[in-house]
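These notes concern the structure reproduced below.
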Amino acid sequence: MDITLKPYIDTTTTNLALHQKISQGIIDLITKGVLPRGQKLPSVNQMALDLGVHRLTVLRSLEELEAEGWIRKQEKRGAFVNEDLPVYRFKSPMAPLSGPLPEMDIPDLDIRPLKQDYSRLSFNDGYPDHRFMPHRELARAYSTVLREKTSKQLLLYYDLTGYAPLVNTLKEYLQNTRSINFEHRELLVTRGSTNGLYLAIKALLVPGNTVAMGEPGYHLMRETFLTCGMKVISLPVDEQGVVVDALEDRLKNQPIKMVYVTPHHHHPTAVSVPAERRLQLLALAEKYGFVILEDDYDFDFHYDRSPTLPIISLNPNAPVIYCGGFSKSLSPALRIGFLAAHPKVVDNACRWRKLIDRQGDTIQEAAFELMLKNGIVDKAIRKARRAYQLRRDHAYDLLNLKLPGLFEMKKPSGGLAFWAKVNPQVNYPELRKKALEKGLHLVAGDNYTLNRQAHTRLGFASMTEEETQEAVDILSDLIPV
Ligand SMILES: Cc1ncc(COP(=O)(O)O)c(C=O)c1O
């Protein structure tokens with residue numbers, strides 16, 4: 001059979017080199033069966049003529065096809081499609097993936113693009129205002145790092161625990177700001193808190209272990225525990241966070257390996273856990289031998305007094321794994337977080353990390369280290385904190401004044417969002433839809449509790465006072481008085 005390749009091979013599209021385009025085209029014809037096994041290819045001169053390319057280009061393509069095993073050349077006879085190639089042809093596109101994927105223990109999380117969350121006006125889950133992120137200073141820090149610190153270590157693989165100078169500066173920072181003692185602990189720089197929390201679970205627990213957390217509680221953490229094979233016990237939450245007495249009742253009947261808490265501002269209710277409960281929790285950890293996983297995701301934002309020091313700071317020997325990060329303090333785009341724990345836990349976390357991610361972003365860590373050391377991070381946080389406190393007060397007064405009865409809420413002493421009970425007479429999904437049409441995003445209310453109570457979070461930090469005013473005006477127009 002005399003075959004001309006011209007109609008089949010497109011040498012114009014894609015950025016591949018010309019000889020690669022030809023090889024790719026021939027491979028395509030072979031896998032589709034247009035060129036059967038054993039088929040003789042046209043001569044080099046013929047192909048060059050057909051395709052309008054130099055014969056050296058064809059030769060190069062054939063050499064590569066031969067090296068890869070697609071064709072075989074025979075002395076004085078020419079090139080033939082390799083007869084031994086197995087027949088491989090999927091009739092329907094992506095055949096094994098076109099039906100439903102197998103049942104898996106993977107949570108049905110919302111993975112849609114976040115477009116709506118970034119409406120200019122948004123009462124979100126409690127995002128910071130990205131305008132406080134010192135991005136020029138970050139650019140300068142990157143530039144310094146890439147101009148002056150381009151060591152082998154920085155540009156090749158790095159230690160699993162993170163960029164060493166950042167590990168040290170962060171230890172100092174956490175000691176100074178949160179009184180965390182590193183005598184018996186190690187620090188791992190993580191990609192945000194999420195990464196640290198996940199590694200903490202993998203470092204310490206095995207499938208089938210039982211853990212406890214508040215309900216309502218940080219729902220992604222519940223999903224993480226479940227996906228990792230843990231049994232999750234829900235503890236009640238009141239005005240002081242997780243009810244620790246209820247934990248003791250459960251502990252009397254069954255072993256619990258880990259208790260997850262967000263004591264600074266319980267997520268999602270934003271209440272602070274008082275000293276009495278913190279000590280009670282530590283005492284129970286000692287008595288029953290469980291580990292406390294302390295998630296301090298928004299340490300920097302406490303308004304009415306200084307931030308409460310974390311549970312981990314209360315006893316240098318307490319079995320606490322402490323995770324946090326700079327997502328709320330500066331920007332979630334900076335995937336910089338930390339995990340402080342017993343060295344054995346950090347070692348295990350590193351072993352897991354090596355499998356899934358290997359290491360953090362060393363260049364970003366180096367740039368961030370400069371900003372932390374030079375006080376830029378602290379300055380930006382102080383500025384944001386002052387603004388958020390005013391925004392909290394302003395939004396709270398405005399929502400109560402202009403929308404009486406729509407939300408029932410208390411002013412939180414810290415955090416970036418109100419926890420609000422939505423008036424049950426209001427069709428909240430409908431209100432959200434209409435608000436979005438007018439440019440205001442409201443976070444879905446039914447995500448925060450297992451029984452889908454009509455509560456929601458209203459982030460107050462990311463909008464200026466004028467923007468909050470606009471947002472509230474939109475809602476008042478939509479709510480008949
Ligand atoms: C309670 C809680 N923990 C952890 C995280 C994760 O934050 P990061 O961006 O540091 O991964 C969040 C994010 O919203 C959170 O609300």
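Just so we're on the same page: first chain in the structure tokens is A, next is B, and so on; residues restart at 1 for each chain, and ligands are numbered from 1 in the order they show up.
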
Using only C-alpha atoms and all ligand atoms, which residues of the polymer chains come no farther than 7 Å from ligand 1? I'd like the answer as a PDB file with N, CA and C atoms, in the first residue's frame.
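Output saved as part_8.pdb:
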```
ATOM      1  N   GLY A 192       0.921  26.601  55.109  1.00  0.00           N
ATOM      2  CA  GLY A 192      -0.322  26.988  55.746  1.00  0.00           C
ATOM      3  C   GLY A 192      -0.676  26.031  56.880  1.00  0.00           C
ATOM      4  N   SER A 193      -1.735  26.382  57.623  1.00  0.00           N
ATOM      5  CA  SER A 193      -2.140  25.516  58.749  1.00  0.00           C
ATOM      6  C   SER A 193      -2.699  24.207  58.246  1.00  0.00           C
ATOM      7  N   THR A 194      -3.408  24.241  57.118  1.00  0.00           N
ATOM      8  CA  THR A 194      -4.058  23.031  56.605  1.00  0.00           C
ATOM      9  C   THR A 194      -3.043  21.906  56.476  1.00  0.00           C
ATOM     10  N   ASN A 195      -1.914  22.225  55.896  1.00  0.00           N
ATOM     11  CA  ASN A 195      -0.851  21.247  55.696  1.00  0.00           C
ATOM     12  C   ASN A 195      -0.356  20.720  57.050  1.00  0.00           C
ATOM     13  N   TYR A 218     -14.742  23.250  63.067  1.00  0.00           N
ATOM     14  CA  TYR A 218     -14.174  23.512  61.740  1.00  0.00           C
ATOM     15  C   TYR A 218     -14.438  22.294  60.842  1.00  0.00           C
ATOM     16  N   THR A 262      -9.848  24.861  68.763  1.00  0.00           N
ATOM     17  CA  THR A 262      -9.451  26.180  68.256  1.00  0.00           C
ATOM     18  C   THR A 262      -9.753  27.174  69.395  1.00  0.00           C
ATOM     19  N   HIS A 267     -13.792  27.955  66.182  1.00  0.00           N
ATOM     20  CA  HIS A 267     -14.358  28.031  64.838  1.00  0.00           C
ATOM     21  C   HIS A 267     -15.575  27.134  64.772  1.00  0.00           C
ATOM     22  N   ASP A 295      -5.294  24.389  67.076  1.00  0.00           N
ATOM     23  CA  ASP A 295      -5.267  25.123  65.800  1.00  0.00           C
ATOM     24  C   ASP A 295      -5.444  26.606  66.111  1.00  0.00           C
ATOM     25  N   TYR A 297      -5.424  29.434  64.244  1.00  0.00           N
ATOM     26  CA  TYR A 297      -5.424  29.987  62.887  1.00  0.00           C
ATOM     27  C   TYR A 297      -5.515  31.509  62.840  1.00  0.00           C
ATOM     28  N   GLY A 324      -0.433  26.719  63.202  1.00  0.00           N
ATOM     29  CA  GLY A 324      -0.911  28.069  62.886  1.00  0.00           C
ATOM     30  C   GLY A 324      -0.326  28.486  61.558  1.00  0.00           C
ATOM     31  N   GLY A 325      -0.525  29.758  61.225  1.00  0.00           N
ATOM     32  CA  GLY A 325       0.025  30.224  59.959  1.00  0.00           C
ATOM     33  C   GLY A 325      -0.242  31.708  59.783  1.00  0.00           C
ATOM     34  N   PHE A 326       0.092  32.204  58.601  1.00  0.00           N
ATOM     35  CA  PHE A 326      -0.041  33.644  58.352  1.00  0.00           C
ATOM     36  C   PHE A 326      -1.152  33.960  57.348  1.00  0.00           C
ATOM     37  N   SER A 327      -2.030  32.980  57.112  1.00  0.00           N
ATOM     38  CA  SER A 327      -3.101  33.195  56.132  1.00  0.00           C
ATOM     39  C   SER A 327      -4.041  34.315  56.551  1.00  0.00           C
ATOM     40  N   PRO A 332      -3.737  34.463  52.667  1.00  0.00           N
ATOM     41  CA  PRO A 332      -3.721  33.007  52.489  1.00  0.00           C
ATOM     42  C   PRO A 332      -2.919  32.564  51.262  1.00  0.00           C
ATOM     43  N   ARG A 335       1.626  30.636  51.518  1.00  0.00           N
ATOM     44  CA  ARG A 335       1.381  29.348  52.188  1.00  0.00           C
ATOM     45  C   ARG A 335       2.474  29.117  53.223  1.00  0.00           C
ATOM     46  N   GLY A 337       2.965  28.305  57.158  1.00  0.00           N
ATOM     47  CA  GLY A 337       2.386  27.923  58.437  1.00  0.00           C
ATOM     48  C   GLY A 337       3.437  27.215  59.263  1.00  0.00           C
TER      49      GLY A 337
END
```

Exercise. Which polymer residues have any atom within 12 Å of an atom of Asp473 of chain A, counting only C-alpha atoms, with same-chain residues fewer than 4 positions away left out, as a ChimeraX atom specification?
Worked result: /A:121,395,398-399,401-403,435,438-440,466-469,477-479

Exercise. Contacts of Pro412 of chain A at 12 Å or less, counting only C-alpha atoms, minus same-chain residues fewer than 3 places along, as JSON, numbers by chain?
Worked result: {"A": [239, 240, 264, 265, 266, 267, 268, 269, 270, 271, 272, 301, 302, 303, 304, 388, 389, 392, 393, 395, 396, 409, 415, 416, 417, 418, 419, 420, 457, 458, 459, 460]}

For this session: Would you please work out which residue, of A:Leu204, A:Ala48, A:Leu170, A:Ile111, is nearest to Ala349 of chain A when using only C-alpha atoms?
Result: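 Checking each candidate against Ala349 of chain A, we get A:Leu204 as the closest.
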
Exercise. Could you name the residues that touch Ile321 of chain A at 10 Å or less, counting only C-alpha atoms, but leaving out those on the same chain fewer than 6 positions away, as number ranges by chain?
Worked result: A: 185, 196-197, 200-201, 258, 260, 291-295, 311-312, 339-342, 345-346

Saved selection, atoms kept: N, CA and C atoms, as a PDB file, in the first residue's frame:
```
ATOM      1  N   ARG A 185      10.664  20.802  72.155  1.00  0.00           N
ATOM      2  CA  ARG A 185       9.813  20.761  70.971  1.00  0.00           C
ATOM      3  C   ARG A 185      10.605  21.120  69.730  1.00  0.00           C
ATOM      4  N   GLY A 196      -0.170  21.637  58.011  1.00  0.00           N
ATOM      5  CA  GLY A 196       0.314  21.239  59.339  1.00  0.00           C
ATOM      6  C   GLY A 196      -0.685  20.347  60.059  1.00  0.00           C
ATOM      7  N   LEU A 197      -1.955  20.702  59.978  1.00  0.00           N
ATOM      8  CA  LEU A 197      -2.986  19.923  60.683  1.00  0.00           C
ATOM      9  C   LEU A 197      -3.060  18.514  60.102  1.00  0.00           C
ATOM     10  N   ALA A 200      -0.086  16.555  61.199  1.00  0.00           N
ATOM     11  CA  ALA A 200      -0.186  16.195  62.623  1.00  0.00           C
ATOM     12  C   ALA A 200      -1.005  14.918  62.787  1.00  0.00           C
ATOM     13  N   ILE A 201      -2.084  14.831  62.038  1.00  0.00           N
ATOM     14  CA  ILE A 201      -2.934  13.635  62.125  1.00  0.00           C
ATOM     15  C   ILE A 201      -2.156  12.420  61.625  1.00  0.00           C
ATOM     16  N   MET A 258      -6.965  11.908  70.308  1.00  0.00           N
ATOM     17  CA  MET A 258      -6.637  13.309  70.005  1.00  0.00           C
ATOM     18  C   MET A 258      -7.879  14.179  70.181  1.00  0.00           C
ATOM     19  N   TYR A 260      -9.196  17.921  69.062  1.00  0.00           N
ATOM     20  CA  TYR A 260      -8.882  19.078  68.204  1.00  0.00           C
ATOM     21  C   TYR A 260      -9.620  20.301  68.741  1.00  0.00           C
ATOM     22  N   VAL A 291      -3.658  13.492  72.986  1.00  0.00           N
ATOM     23  CA  VAL A 291      -2.895  14.653  72.514  1.00  0.00           C
ATOM     24  C   VAL A 291      -3.870  15.766  72.137  1.00  0.00           C
ATOM     25  N   ILE A 292      -3.504  16.971  72.483  1.00  0.00           N
ATOM     26  CA  ILE A 292      -4.335  18.126  72.093  1.00  0.00           C
ATOM     27  C   ILE A 292      -3.782  18.667  70.777  1.00  0.00           C
ATOM     28  N   LEU A 293      -4.644  18.777  69.776  1.00  0.00           N
ATOM     29  CA  LEU A 293      -4.233  19.422  68.524  1.00  0.00           C
ATOM     30  C   LEU A 293      -4.810  20.833  68.552  1.00  0.00           C
ATOM     31  N   GLU A 294      -3.930  21.793  68.776  1.00  0.00           N
ATOM     32  CA  GLU A 294      -4.370  23.191  68.950  1.00  0.00           C
ATOM     33  C   GLU A 294      -4.188  23.948  67.634  1.00  0.00           C
ATOM     34  N   ASP A 295      -5.294  24.389  67.076  1.00  0.00           N
ATOM     35  CA  ASP A 295      -5.267  25.123  65.800  1.00  0.00           C
ATOM     36  C   ASP A 295      -5.444  26.606  66.111  1.00  0.00           C
ATOM     37  N   ILE A 311      -2.628  27.213  74.456  1.00  0.00           N
ATOM     38  CA  ILE A 311      -2.548  26.156  75.468  1.00  0.00           C
ATOM     39  C   ILE A 311      -1.126  25.596  75.539  1.00  0.00           C
ATOM     40  N   ILE A 312      -0.479  25.507  74.384  1.00  0.00           N
ATOM     41  CA  ILE A 312       0.867  24.925  74.349  1.00  0.00           C
ATOM     42  C   ILE A 312       1.847  25.698  75.227  1.00  0.00           C
ATOM     43  N   LEU A 339       4.130  24.058  62.547  1.00  0.00           N
ATOM     44  CA  LEU A 339       3.674  22.999  63.440  1.00  0.00           C
ATOM     45  C   LEU A 339       4.752  22.859  64.508  1.00  0.00           C
ATOM     46  N   ALA A 340       4.359  23.070  65.770  1.00  0.00           N
ATOM     47  CA  ALA A 340       5.313  22.907  66.874  1.00  0.00           C
ATOM     48  C   ALA A 340       4.881  21.690  67.662  1.00  0.00           C
ATOM     49  N   ALA A 341       5.810  20.766  67.882  1.00  0.00           N
ATOM     50  CA  ALA A 341       5.436  19.529  68.573  1.00  0.00           C
ATOM     51  C   ALA A 341       6.683  18.819  69.080  1.00  0.00           C
ATOM     52  N   HIS A 342       6.446  17.745  69.762  1.00  0.00           N
ATOM     53  CA  HIS A 342       7.531  16.874  70.217  1.00  0.00           C
ATOM     54  C   HIS A 342       8.365  16.453  68.990  1.00  0.00           C
ATOM     55  N   VAL A 345       7.127  13.633  66.786  1.00  0.00           N
ATOM     56  CA  VAL A 345       5.961  13.946  65.944  1.00  0.00           C
ATOM     57  C   VAL A 345       6.440  14.673  64.687  1.00  0.00           C
ATOM     58  N   VAL A 346       7.385  15.608  64.875  1.00  0.00           N
ATOM     59  CA  VAL A 346       7.897  16.362  63.728  1.00  0.00           C
ATOM     60  C   VAL A 346       8.625  15.406  62.757  1.00  0.00           C
TER      61      VAL A 346
END
```
